[in-house]
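Here the structure is laid out as structure tokens; the discussion comes afterwards.
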Amino acid sequence: MDDKLPSADMGLAQLAGAIAEPARARMLCSLLDGHARTATELATLAEVGASTASAHLSRLREDGLLSMLAQGKHRYYRLASMEVGHALEALLVVAGVAATPFTPTTPDRLRHARTCYDHMAGTVAVALHDQLHAQGWLLDDGAEYRLSEAGTAGMAALGIDVPQLQRQRRRFACACLDWSERRAHLGGALGAAVLQLALRQGWAEREFDSRALRLTPSGERRLLAAFACR
């Protein structure tokens with residue numbers, strides 16, 4: 001065991017060094033709320049220039065504290081794991097300070113529910129995504145999602161033809177980062193099928209000449225209840 005102590009000590013010291021720089025610490029703390037942020041947003045929060053922020057973000061990624069998700073022309077950063085979040089929260093308790101909250105700026109009607117290409121986005125879509133994970137219908141295989149047996153049966157009961165979706169020449173199901181919530185909603189062929197089901201059932205309606213979706217409180221409840229465990 002003794003021959004492993006120096007490397008453990010060095011690893012701890014390296015991580016401590018990454019966190020100890022004030023700008024990097026502010027970046028990390030701002031991500032504790034679970035929402036991803038762009039390099040520009042993190043640079044603003046850390047009060048540093050773009051090139052300095054880029055260097056800081058590279059260091060945090062190299063040390064395993066951050067992960068980066070490329071979506072379209074944007075690059076989003078978030079904490080690499082729950083363990084990183086737990087460690088930072090423990091250090092904040094010792095330091096006696098609070099993390100920076102996330103404040104969305106998206107118009108309310110778009111933030112609540114809208115289309116993202118051919119699937120649903122917004123707070124309702126993020127809530128549905130989290131519900132499908134929590135009840136074990138949606139399983140994460142890394143790059144893509146797959147359905148559990150219960151999930152496949154549940155989708156079939158709602159009239160969603162899972163085998164047909166899997167035969168399509170596109171990703172079956174995946175995490176799509178929501179640009180207003182900065183958390184994942186359901187994308188891919190399965191996400192598109194869920195949106196079409198919501199429209200057919202009248203749980204959601206498209207707004208004319210807009211990506212916004214109109215969901216009444218009862219429609220939202222019926223949508224989430226339809227995909228709940230039975």
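The way I read the labels, and the way they are meant: chains A, B, ... in the order of the structure tokens, residue 1 as the first residue of every chain, and ligand 1 as the first ligand shown, with later ones counted on from there.
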
Give me the residues near Ala189 (chain A) as a PyMOL selection string, where near means some atom within 7 Å (using only C-alpha atoms) and where sequence neighbours in that chain fewer than 5 positions away do not count.
chain A and resi 165+170-173

Would you list the contacts of region 130-141 of chain A as a PyMOL selection string, taking every protein, DNA or RNA residue within 12 Å and counting only C-alpha atoms, but skipping same-chain residues closer than 2 positions in sequence?
chain A and resi 123-128+143-155+172-175+183-186+190-191+194+223-230

If you take only C-alpha atoms and a cut-off of 6 Å, which residues of region 22-43 of chain A touch region 54-76 of chain A, and what are their nearest atom pairs and distances in Å to one decimal, in chain and number order, as JSON lines?
{"residue": "A:Ala36", "atom": "CA", "partner": "A:Tyr76", "partner_atom": "CA", "distance": 5.8}
{"residue": "A:Arg37", "atom": "CA", "partner": "A:Tyr76", "partner_atom": "CA", "distance": 5.2}
{"residue": "A:Thr38", "atom": "CA", "partner": "A:Tyr76", "partner_atom": "CA", "distance": 4.6}

Would you mind listing what lies within 10 Å of region 25-29 of chain A as an NGL selection string, with only C-alpha atoms counted and same-chain residues fewer than 5 positions away left out?
:A and (18-20 or 37 or 39 or 41-47 or 53 or 56-57 or 60 or 65-66 or 77-79 or 84-85 or 88-89 or 92 or 98-101)

Mind pulling up the distance from CA of Met82 (chain A) to CA of Thr115 (chain A)?
29.2 Å

Would you please give, as JSON, numbers by chain, all residues of region 6-198 of chain A that DSSP assigns to helix (DSSP H, G or I) based on the backbone?
{"A": [6, 7, 8, 9, 10, 11, 12, 13, 14, 15, 16, 17, 18, 19, 20, 22, 23, 24, 25, 26, 27, 28, 29, 30, 39, 40, 41, 42, 43, 44, 45, 46, 50, 51, 52, 53, 54, 55, 56, 57, 58, 59, 60, 61, 62, 82, 83, 84, 85, 86, 87, 88, 89, 90, 91, 92, 93, 94, 95, 108, 109, 110, 111, 112, 123, 124, 125, 126, 127, 128, 129, 130, 131, 132, 133, 134, 149, 150, 151, 152, 153, 154, 155, 156, 157, 162, 163, 164, 165, 166, 188, 189, 190, 191, 192, 193, 194, 195, 196, 197, 198]}
